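Structure file start-v6.csv; described as CSV, C-alpha atoms.
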```csv
chain,number,residue,atom,x,y,z
K,166,MET,CA,17.9,195.1,93.8
K,167,ALA,CA,15.4,195.1,91.0
K,168,ARG,CA,16.7,194.2,87.6
K,169,VAL,CA,15.4,195.4,84.2
K,170,ILE,CA,15.5,192.8,81.5
K,171,VAL,CA,14.9,193.7,77.9
K,172,VAL,CA,13.8,191.0,75.4
K,173,THR,CA,14.9,192.2,72.0
K,174,SER,CA,16.0,191.0,68.6
K,175,GLY,CA,15.9,193.7,65.9
K,176,LYS,CA,14.0,191.4,63.6
K,177,GLY,CA,10.3,190.8,64.0
K,178,GLY,CA,8.5,187.5,64.4
K,179,VAL,CA,11.3,185.7,66.2
K,180,GLY,CA,9.5,185.2,69.4
K,181,LYS,CA,10.1,188.3,71.6
K,182,THR,CA,6.6,188.5,73.0
K,183,THR,CA,6.3,184.7,73.5
K,184,THR,CA,9.6,184.9,75.3
K,185,SER,CA,8.7,187.9,77.4
K,186,ALA,CA,5.4,186.3,78.5
K,187,ALA,CA,7.1,183.0,79.3
K,188,ILE,CA,10.1,184.3,81.2
K,189,ALA,CA,8.0,186.9,83.2
K,190,MET,CA,5.7,184.1,84.2
K,191,GLY,CA,8.6,181.8,85.0
K,192,LEU,CA,10.3,184.4,87.2
K,193,ALA,CA,7.0,185.1,89.0
K,194,LYS,CA,6.3,181.4,89.5
K,195,LYS,CA,9.7,181.1,91.2
K,196,GLY,CA,8.5,183.6,93.8
K,197,HIS,CA,9.9,186.9,92.4
K,198,LYS,CA,7.5,189.8,92.0
K,199,THR,CA,7.7,190.6,88.3
K,200,ALA,CA,6.2,193.2,85.9
K,201,VAL,CA,6.2,192.7,82.2
K,202,ILE,CA,5.8,195.8,80.0
K,203,ASP,CA,4.7,196.0,76.4
K,204,PHE,CA,6.8,198.6,74.6
K,205,ASP,CA,5.1,198.1,71.2
K,206,VAL,CA,3.1,201.2,71.1
K,207,GLY,CA,0.4,201.1,68.5
K,208,LEU,CA,0.7,197.3,68.0
K,209,ARG,CA,0.2,195.9,71.5
K,210,ASN,CA,0.0,192.1,71.6
K,211,LEU,CA,1.5,191.1,75.0
K,212,ASP,CA,-2.0,191.4,76.5
K,213,LEU,CA,-3.3,188.7,74.0
K,214,ILE,CA,-0.4,186.4,74.7
K,215,MET,CA,-0.9,186.8,78.5
K,216,GLY,CA,-4.7,186.4,78.1
K,217,CYS,CA,-5.6,189.7,79.7
K,218,GLU,CA,-6.8,191.6,76.6
K,219,ARG,CA,-10.3,192.1,78.0
K,220,ARG,CA,-9.0,193.6,81.3
K,221,VAL,CA,-7.0,196.5,79.8
K,222,VAL,CA,-8.4,199.8,81.1
K,223,TYR,CA,-5.4,202.0,81.2
K,224,ASP,CA,-2.0,201.6,79.5
K,225,PHE,CA,1.6,202.6,79.5
K,226,VAL,CA,1.0,206.0,77.7
K,227,ASN,CA,-1.8,206.9,80.1
K,228,VAL,CA,0.6,206.5,83.0
K,229,ILE,CA,3.3,208.6,81.3
K,230,ASN,CA,0.8,211.3,80.6
K,231,GLY,CA,-0.5,211.3,84.2
K,232,GLU,CA,-4.0,210.1,83.1
K,233,ALA,CA,-3.8,207.1,85.3
K,234,THR,CA,-1.6,205.8,88.2
K,235,LEU,CA,0.7,202.9,87.7
K,236,ASN,CA,-1.4,200.8,90.1
K,237,GLN,CA,-4.5,201.5,88.0
K,238,ALA,CA,-2.8,200.5,84.8
K,239,LEU,CA,-1.0,197.3,86.0
K,240,ILE,CA,-3.0,194.2,85.4
K,241,ARG,CA,-2.5,191.3,87.9
K,242,ASP,CA,-2.1,188.0,86.1
K,243,LYS,CA,-4.9,185.5,86.5
K,244,ASN,CA,-2.5,182.5,87.0
K,245,CYS,CA,0.1,184.0,89.2
K,246,ASN,CA,-0.5,186.8,91.8
K,247,LEU,CA,3.2,187.9,91.7
K,248,LEU,CA,3.0,188.8,88.0
K,249,TYR,CA,1.7,192.1,86.6
K,250,ILE,CA,1.3,193.3,83.1
K,251,LEU,CA,1.6,196.9,81.8
K,252,PRO,CA,0.0,197.0,78.4
K,253,ALA,CA,1.1,199.2,75.5
K,254,SER,CA,-1.2,201.9,74.2
K,255,GLN,CA,-2.9,201.5,70.9
K,256,THR,CA,-2.3,205.1,69.9
K,257,ARG,CA,-0.8,205.8,66.5
K,258,ASP,CA,1.4,208.6,67.9
K,259,LYS,CA,4.8,207.1,67.9
K,260,ASP,CA,6.2,209.8,70.1
K,261,ALA,CA,3.9,208.9,72.9
K,262,LEU,CA,6.7,207.4,74.9
K,263,SER,CA,9.4,209.7,76.2
K,264,GLN,CA,12.8,208.7,77.7
K,265,GLU,CA,12.0,210.7,80.8
K,266,GLY,CA,8.5,209.2,81.2
K,267,VAL,CA,9.8,205.6,80.8
K,268,GLY,CA,12.6,206.2,83.2
K,269,LYS,CA,10.2,207.5,85.8
K,270,ILE,CA,7.9,204.5,85.5
K,271,LEU,CA,10.8,202.1,85.7
K,272,ASP,CA,12.1,203.8,88.8
K,273,GLU,CA,8.7,203.5,90.4
K,274,LEU,CA,8.4,199.8,89.5
K,275,LYS,CA,11.9,199.1,90.8
K,276,LYS,CA,10.7,200.0,94.3
K,277,ASP,CA,8.1,197.2,94.3
K,278,PHE,CA,9.3,194.6,91.8
K,279,LYS,CA,12.2,192.2,91.6
K,280,TYR,CA,12.2,191.9,87.9
K,281,ILE,CA,10.9,194.2,85.2
K,282,VAL,CA,10.7,192.5,81.8
K,283,CYS,CA,10.6,194.9,78.8
K,284,ASP,CA,9.1,193.4,75.7
K,285,SER,CA,10.7,195.3,72.8
K,286,PRO,CA,9.0,196.0,69.5
K,287,ALA,CA,10.9,194.9,66.3
K,288,GLY,CA,13.1,197.4,64.5
K,289,ILE,CA,15.5,200.0,65.9
K,290,GLU,CA,13.0,202.9,66.2
K,291,LYS,CA,12.0,204.8,69.3
K,292,GLY,CA,10.1,202.0,71.0
K,293,ALA,CA,12.9,199.5,70.7
K,294,HIS,CA,15.4,202.1,71.8
K,295,LEU,CA,13.4,202.9,75.0
K,296,ALA,CA,12.8,199.3,75.7
K,297,MET,CA,16.6,198.6,75.9
K,298,TYR,CA,17.8,202.0,77.2
K,299,PHE,CA,17.4,201.3,80.9
K,300,ALA,CA,18.1,197.6,80.8
K,301,ASP,CA,20.5,195.7,83.1
K,302,ASP,CA,20.2,192.5,81.2
K,303,ALA,CA,19.3,191.8,77.6
K,304,PHE,CA,17.8,188.6,76.2
K,305,ILE,CA,18.6,188.5,72.5
K,306,VAL,CA,16.0,186.3,70.9
K,307,THR,CA,17.5,184.9,67.7
K,308,ASN,CA,16.3,182.3,65.1
K,309,PRO,CA,18.9,180.1,63.4
K,310,GLU,CA,18.4,182.0,60.2
K,311,VAL,CA,20.6,184.6,58.4
K,312,SER,CA,18.5,187.8,58.7
K,313,SER,CA,17.7,187.1,62.4
K,314,VAL,CA,21.4,186.6,63.2
K,315,ARG,CA,22.4,189.7,61.4
K,316,ASP,CA,19.8,191.8,63.1
K,317,SER,CA,20.8,190.4,66.5
K,318,ASP,CA,24.3,191.5,65.9
K,319,ARG,CA,23.1,195.0,64.9
K,320,MET,CA,21.1,195.1,68.2
K,321,LEU,CA,24.2,194.1,70.2
K,322,GLY,CA,26.0,197.1,68.7
K,323,ILE,CA,23.1,199.4,69.8
K,324,LEU,CA,23.1,197.9,73.3
K,325,SER,CA,26.8,198.5,73.7
K,326,SER,CA,26.7,202.1,72.4
K,327,LYS,CA,23.2,203.6,72.9
K,328,SER,CA,22.0,202.3,76.3
K,329,ARG,CA,22.0,204.2,79.5
K,330,ARG,CA,24.8,202.0,80.9
K,331,ALA,CA,26.9,202.8,77.8
K,332,GLU,CA,26.2,206.5,78.0
K,333,LEU,CA,27.1,206.7,81.7
K,334,ASN,CA,30.1,204.4,81.2
K,335,GLU,CA,28.8,201.9,83.7
K,336,GLU,CA,29.2,198.2,83.7
K,337,PRO,CA,27.8,197.1,80.3
K,338,ILE,CA,24.4,195.4,79.9
K,339,LYS,CA,24.7,191.6,80.4
K,340,GLU,CA,23.7,190.0,77.1
K,341,TYR,CA,22.3,186.5,76.7
K,342,LEU,CA,21.4,184.5,73.7
K,343,LEU,CA,18.0,182.7,73.4
K,344,LEU,CA,18.0,180.6,70.2
K,345,SER,CA,14.3,180.0,69.3
K,346,ARG,CA,12.5,177.9,66.7
K,347,TYR,CA,15.4,175.5,66.6
K,348,SER,CA,15.0,172.2,64.7
K,349,PRO,CA,17.7,169.7,65.6
K,350,ASP,CA,16.8,167.4,62.7
K,351,ARG,CA,17.3,170.2,60.2
K,352,VAL,CA,20.6,171.1,61.8
K,353,LYS,CA,21.7,167.5,61.4
K,354,LEU,CA,20.8,167.6,57.7
K,355,GLY,CA,22.8,170.8,57.3
K,356,GLU,CA,19.7,172.8,56.5
K,357,MET,CA,19.9,175.1,59.5
K,358,LEU,CA,22.6,177.0,61.4
K,359,SER,CA,23.6,175.1,64.6
K,360,VAL,CA,23.7,176.5,68.1
K,361,ASP,CA,27.5,176.5,67.8
K,362,ASP,CA,27.4,178.4,64.5
K,363,VAL,CA,25.2,181.1,65.9
K,364,GLN,CA,27.3,181.4,69.1
K,365,GLU,CA,30.5,181.6,67.1
K,366,ILE,CA,29.1,184.4,65.0
K,367,LEU,CA,27.5,186.4,67.8
K,368,SER,CA,29.9,185.3,70.6
K,369,LEU,CA,27.1,185.5,73.2
K,370,HIS,CA,26.5,183.5,76.4
K,371,LEU,CA,23.8,180.9,75.5
K,372,LEU,CA,20.9,181.0,78.0
K,373,GLY,CA,18.9,178.4,76.2
K,374,VAL,CA,17.6,176.8,73.0
K,375,ILE,CA,13.8,176.8,72.4
K,376,PRO,CA,12.8,174.1,69.9
K,377,GLU,CA,10.4,174.8,67.1
K,378,SER,CA,7.2,173.6,68.8
K,379,LYS,CA,3.5,173.3,68.2
K,380,SER,CA,2.9,174.2,71.8
K,381,VAL,CA,3.8,177.9,71.1
K,382,LEU,CA,0.8,178.4,68.8
K,383,ASN,CA,-1.4,176.5,71.1
K,384,ALA,CA,-0.4,178.7,74.0
K,385,SER,CA,-1.0,181.9,72.1
K,386,ASN,CA,-4.3,180.6,70.9
K,387,SER,CA,-5.5,180.2,74.5
K,388,GLY,CA,-3.7,183.2,76.0
K,389,MET,CA,-1.5,181.2,78.3
K,390,PRO,CA,2.2,181.8,78.4
K,391,VAL,CA,3.8,178.6,77.0
K,392,ILE,CA,5.8,178.0,80.1
K,393,LEU,CA,2.6,177.0,81.9
K,394,ASP,CA,2.4,174.1,79.5
K,395,GLU,CA,4.8,172.1,81.5
K,396,LYS,CA,4.6,169.0,79.4
K,397,SER,CA,5.6,170.8,76.2
K,398,ASP,CA,9.2,171.0,75.0
K,399,ALA,CA,9.1,174.8,74.6
K,400,GLY,CA,7.5,175.2,78.0
K,401,GLN,CA,10.3,173.1,79.5
K,402,ALA,CA,12.9,175.0,77.5
K,403,TYR,CA,11.7,178.3,79.0
K,404,ALA,CA,11.6,176.9,82.5
K,405,ASP,CA,15.2,175.9,82.1
K,406,ILE,CA,16.1,179.4,80.8
K,407,VAL,CA,14.5,181.0,83.8
K,408,ALA,CA,16.3,178.6,86.1
K,409,ARG,CA,19.7,179.3,84.4
K,410,TYR,CA,19.1,183.0,84.6
K,411,LEU,CA,18.5,182.7,88.3
K,412,GLY,CA,21.8,180.9,88.6
K,413,GLU,CA,20.7,177.2,88.7
K,414,ASP,CA,22.9,174.8,86.9
K,415,LYS,CA,20.8,173.1,84.2
K,416,PRO,CA,22.3,171.2,81.3
K,417,HIS,CA,21.2,172.4,77.9
K,418,ARG,CA,18.4,170.4,76.3
K,419,PHE,CA,16.6,170.4,72.9
K,420,ILE,CA,19.9,170.7,71.0
K,421,ASP,CA,20.0,167.2,69.7
K,422,GLU,CA,17.2,165.6,67.7
K,423,LYS,CA,14.4,163.8,69.3
K,424,LYS,CA,14.7,160.1,69.6
K,425,GLY,CA,12.5,158.2,67.1
K,426,LEU,CA,9.9,155.7,68.2
K,427,PHE,CA,12.6,153.0,68.4
K,428,GLY,CA,14.8,155.2,70.5
K,429,MET,CA,11.9,156.0,72.8
K,430,PHE,CA,11.3,152.4,73.5
K,431,PHE,CA,14.9,151.1,73.6
K,432,GLY,CA,17.1,154.1,74.2
K,433,GLY,CA,16.1,154.5,77.9
K,434,LYS,CA,14.8,157.7,79.4
B,242,MET,CA,31.2,156.2,57.4
B,243,SER,CA,27.9,155.3,55.8
B,244,LEU,CA,27.0,155.9,52.2
B,245,LEU,CA,24.6,158.6,53.3
B,246,ASP,CA,27.3,160.6,55.1
B,247,TYR,CA,29.4,160.4,52.0
B,248,PHE,CA,26.8,162.2,49.9
B,249,LYS,CA,26.2,164.8,52.6
B,250,ILE,CA,29.9,165.9,52.6
B,251,SER,CA,30.2,166.0,48.9
B,252,LYS,CA,27.8,168.9,48.7
B,253,ALA,CA,28.2,172.0,50.8
B,254,SER,CA,25.2,172.3,53.1
B,255,SER,CA,23.1,175.4,53.0
B,256,ALA,CA,23.8,175.9,56.7
B,257,SER,CA,27.5,176.2,56.1
B,258,LEU,CA,26.9,178.6,53.3
B,259,ALA,CA,24.8,180.7,55.7
B,260,LYS,CA,27.5,180.6,58.3
B,261,GLU,CA,30.2,181.7,55.9
B,262,ARG,CA,28.1,184.6,54.5
B,263,LEU,CA,27.2,185.7,58.0
B,264,GLN,CA,30.7,185.7,59.3
B,265,ILE,CA,31.9,187.9,56.4
B,266,LEU,CA,28.9,190.3,56.8
B,267,VAL,CA,29.0,190.6,60.5
B,268,ALA,CA,32.8,191.2,60.5
B,269,HIS,CA,32.3,194.0,58.0
B,270,GLU,CA,29.4,195.6,59.8
B,271,ARG,CA,31.2,195.5,63.1
B,272,SER,CA,34.2,197.2,61.7
B,273,SER,CA,32.1,200.0,60.2
B,274,ARG,CA,30.0,200.3,63.4
B,275,ASN,CA,32.7,202.2,65.4
B,276,GLN,CA,33.4,204.6,62.7
B,277,PRO,CA,32.6,208.3,63.2
B,278,SER,CA,29.4,209.3,61.5
B,279,TYR,CA,31.1,212.2,59.5
B,280,LEU,CA,33.2,209.7,57.5
B,281,PRO,CA,30.9,209.5,54.4
B,282,GLN,CA,30.6,213.3,54.2
B,283,LEU,CA,34.3,213.7,54.6
B,284,GLN,CA,35.0,211.3,51.8
B,285,LYS,CA,32.5,213.1,49.6
B,286,GLU,CA,34.1,216.5,50.2
B,287,LEU,CA,37.6,215.3,49.8
B,288,LEU,CA,36.7,213.8,46.5
B,289,GLU,CA,35.3,217.2,45.3
B,290,VAL,CA,38.5,219.0,46.3
B,291,ILE,CA,40.7,216.5,44.5
B,292,ARG,CA,38.6,216.6,41.4
B,293,LYS,CA,39.3,220.3,41.1
B,294,TYR,CA,42.8,219.4,40.2
B,295,ILE,CA,42.9,215.8,39.0
B,296,ASN,CA,40.3,213.9,37.1
B,297,VAL,CA,39.7,210.9,39.3
B,298,GLY,CA,36.8,208.5,39.4
B,299,GLN,CA,34.2,208.0,42.2
B,300,ASP,CA,36.1,205.0,43.7
B,301,ALA,CA,39.6,206.5,43.4
B,302,ILE,CA,39.5,207.5,47.0
B,303,SER,CA,39.1,205.4,50.1
B,304,VAL,CA,38.9,206.7,53.7
B,305,ASN,CA,39.6,204.2,56.5
B,306,PHE,CA,39.1,204.8,60.1
B,307,GLU,CA,40.9,202.4,62.5
B,308,GLN,CA,40.9,202.3,66.2
B,309,ASN,CA,43.1,200.6,68.7
B,310,ASP,CA,43.7,201.0,72.4
B,311,THR,CA,45.9,204.0,72.2
B,312,GLN,CA,45.1,205.8,69.0
B,313,GLU,CA,42.7,206.4,66.2
B,314,THR,CA,44.0,206.5,62.7
B,315,LEU,CA,42.4,208.1,59.7
B,316,GLU,CA,43.9,206.6,56.5
B,317,LEU,CA,43.3,208.3,53.2
B,318,ASN,CA,44.2,206.6,50.0
B,319,ILE,CA,43.9,208.2,46.6
B,320,VAL,CA,44.6,206.3,43.4
B,321,LEU,CA,45.8,208.7,40.7
B,322,PRO,CA,44.9,207.9,37.1
B,323,GLU,CA,47.6,206.7,34.7
B,324,HIS,CA,49.4,209.5,32.9
B,325,GLN,CA,47.2,211.3,30.3
B,326,SER,CA,49.4,210.4,27.4
B,327,LYS,CA,48.9,206.7,28.1
B,328,THR,CA,45.2,206.9,28.0
B,329,PHE,CA,43.3,206.6,24.8
```
How would this structure read if it were set down as structure tokens?
Amino acid sequence: MARVIVVTSGKGGVGKTTTSAAIAMGLAKKGHKTAVIDFDVGLRNLDLIMGCERRVVYDFVNVINGEATLNQALIRDKNCNLLYILPASQTRDKDALSQEGVGKILDELKKDFKYIVCDSPAGIEKGAHLAMYFADDAFIVTNPEVSSVRDSDRMLGILSSKSRRAELNEEPIKEYLLLSRYSPDRVKLGEMLSVDDVQEILSLHLLGVIPESKSVLNASNSGMPVILDEKSDAGQAYADIVARYLGEDKPHRFIDEKKGLFGMFFGGK
Amino acid sequence: MSLLDYFKISKASSASLAKERLQILVAHERSSRNQPSYLPQLQKELLEVIRKYINVGQDAISVNFEQNDTQETLELNIVLPEHQSKTF
């Protein structure tokens, strides 16, 4: 059975597109045929993060309007042949997406794909609503910062009342917390909310912590999902997250501060 | 305990402040999330009716909606002004 995952947050700039690109690539690398869809109509960026911006011919809205087939619009990823990208349209018409149209495309994708990752736009407008409406699982990307935590909680309320599963009284969407841009040293100094703090406030199942990392900007600069940078901490954090989502038992990492030079030499491992 | 730890505890960290503020805010927002959307309008109209008879202020009325497993309760609380003769 195919599963639809929405990557959402409410707040902008917390790492939704970075996360969508990374987990879609991670799932595909694990051998699951995966599609990742950009729902940010008018402000598409997933294509840039995935490094396929020059190969966009048709987009999501073209498919909804019947101007292109799904196969024409899907872009096969250059690094992994099990991964496909459906770019958003750059139209300024914010009503370009319809619930019926999105539902039809997802149903068609479900026949062929194991996972469908929906990269939600920020906010709680139509694009964000449609990105989460058909979801089976929700990845809530949150930064350890007041406005992000508050918006995540707001998003949780919307998931539990406005989604298709909620409207049809089905089993609720499974919600997972992904805490990104985490700085263990600042947490230690009492300058940043800890994982436990955020979990206590949101009461969500923690899928993983992604540390604040230079590798994320390096990855977006070069158009390679950060998970492909296997040496980087953020890349490893996303690999762990994908493994945990698929049911593997991986202890949490990147929650405690890095060992200093002394610790690296004498602290073992 | 090192000297450094001592100084850390003596001052509330900004993270604990953030946590406290968020806990209050989130609890408040969650309780109002399940309320029916007609509540503000109901409150406004009730206030207009009461004001026909009694001179009360904007915040003299509070409407609370509560929900538990078996029932929904709408609680209406109106604070009457003190007797006219007492007012100056």
For atom CA of K:Ser378 and atom CA of K:Ser348, determine how far apart the two atoms are, in Å to one decimal place.
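According to the coordinates, atom CA of K:Ser378 and atom CA of K:Ser348 are separated by 8.9 Å.
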Set out as a tab-separated table a contact list for chain K and chain B with a cut-off of 10 Å, giving each residue of chain K that qualifies its closest atom pair and distance in Å to one decimal, counting all atoms listed in the file, ordered by chain and rising residue number.
```
residue	atom	partner	partner_atom	distance
K:Pro309	CA	B:Ala256	CA	9.3
K:Glu310	CA	B:Ala259	CA	7.9
K:Val311	CA	B:Ala259	CA	6.3
K:Ser312	CA	B:Leu263	CA	9.0
K:Val314	CA	B:Leu263	CA	7.8
K:Arg315	CA	B:Val267	CA	6.7
K:Asp316	CA	B:Val267	CA	9.6
K:Asp318	CA	B:Val267	CA	7.2
K:Arg319	CA	B:Glu270	CA	8.1
K:Gly322	CA	B:Arg274	CA	7.4
K:Ile323	CA	B:Arg274	CA	9.5
K:Ser326	CA	B:Asn275	CA	9.2
K:Arg351	CA	B:Ala256	CA	9.3
K:Val352	CA	B:Ala256	CA	7.7
K:Lys353	CA	B:Ala256	CA	9.9
K:Leu354	CA	B:Ser254	CA	7.9
K:Gly355	CA	B:Ser254	CA	5.1
K:Glu356	CA	B:Ala256	CA	5.1
K:Met357	CA	B:Ala256	CA	4.9
K:Leu358	CA	B:Ala256	CA	5.0
K:Ser359	CA	B:Ala256	CA	7.9
K:Asp362	CA	B:Lys260	CA	6.6
K:Val363	CA	B:Lys260	CA	8.0
K:Glu365	CA	B:Gln264	CA	8.8
K:Ile366	CA	B:Gln264	CA	6.1
K:Leu367	CA	B:Val267	CA	8.6
```
Could you please take those selected residues and save C-alpha atoms as a short mmCIF file (atom, residue, chain, number, x, y, z; two decimals), in the frame of the given file?
```cif
data_model
loop_
_atom_site.label_atom_id
_atom_site.label_comp_id
_atom_site.auth_asym_id
_atom_site.auth_seq_id
_atom_site.Cartn_x
_atom_site.Cartn_y
_atom_site.Cartn_z
CA PRO K 309 18.90 180.10 63.40
CA GLU K 310 18.40 182.00 60.20
CA VAL K 311 20.60 184.60 58.40
CA SER K 312 18.50 187.80 58.70
CA VAL K 314 21.40 186.60 63.20
CA ARG K 315 22.40 189.70 61.40
CA ASP K 316 19.80 191.80 63.10
CA ASP K 318 24.30 191.50 65.90
CA ARG K 319 23.10 195.00 64.90
CA GLY K 322 26.00 197.10 68.70
CA ILE K 323 23.10 199.40 69.80
CA SER K 326 26.70 202.10 72.40
CA ARG K 351 17.30 170.20 60.20
CA VAL K 352 20.60 171.10 61.80
CA LYS K 353 21.70 167.50 61.40
CA LEU K 354 20.80 167.60 57.70
CA GLY K 355 22.80 170.80 57.30
CA GLU K 356 19.70 172.80 56.50
CA MET K 357 19.90 175.10 59.50
CA LEU K 358 22.60 177.00 61.40
CA SER K 359 23.60 175.10 64.60
CA ASP K 362 27.40 178.40 64.50
CA VAL K 363 25.20 181.10 65.90
CA GLU K 365 30.50 181.60 67.10
CA ILE K 366 29.10 184.40 65.00
CA LEU K 367 27.50 186.40 67.80
#
```
Nearest-residue call for K:Ala189, choices K:Tyr403, K:Gly207, K:Leu295, K:Glu232, using only C-alpha atoms
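Ranked by minimum distance to K:Ala189, first place goes to K:Tyr403.
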Nearest to B:Leu317 by atom-to-atom distance, counting all atoms listed in the file, from B:Glu289, B:Ser273, B:Leu283, B:Asn296
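Under the stated criterion, the closest residue is B:Leu283.
Going from atom CA of K:Val360 over to atom CA of K:Asn383, you cover 25.3 Å.
Residues lying within 12 Å of B:Arg292, counting only C-alpha atoms and ignoring same-chain neighbours fewer than 5 positions away, are B:Lys285, B:Glu286, B:Leu287, B:Val297, B:Gly298, B:Gln299, B:Ala301, B:Ile302, B:Ile319, B:Leu321, B:Pro322.
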In Å, with one decimal, what is the gap from atom CA of K:Asp224 to atom CA of K:Ala296?
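Calculated distance between atom CA of K:Asp224 and atom CA of K:Ala296 is 15.5 Å.
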Residues near K:Asp398, cut-off 8 Å, all atoms listed in the file, skip fewer than 5 positions along chain, as a list of chain:residue names
K:Ile375, K:Pro376, K:Ser378, K:Ser380, K:Phe419
If we count only C-alpha atoms, what is near K:Lys176 at a cut-off of 10 Å, once residues fewer than 4 positions away on the same chain are taken out, given as a list in words?
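Near neighbours after the sequence-gap exclusion: Gly180, Lys181, Pro286, Ala287, Gly288, Ile289, Val306, Thr307, Asn308, Ser312, Ser313, Val314, Arg315, Asp316, Ser317, Arg319 and Met320 of chain K.
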With only C-alpha atoms as the atoms that count, which of K:Leu248, K:Cys283, K:Val226, K:Ile240 lies nearest to K:Gly196?
K:Leu248
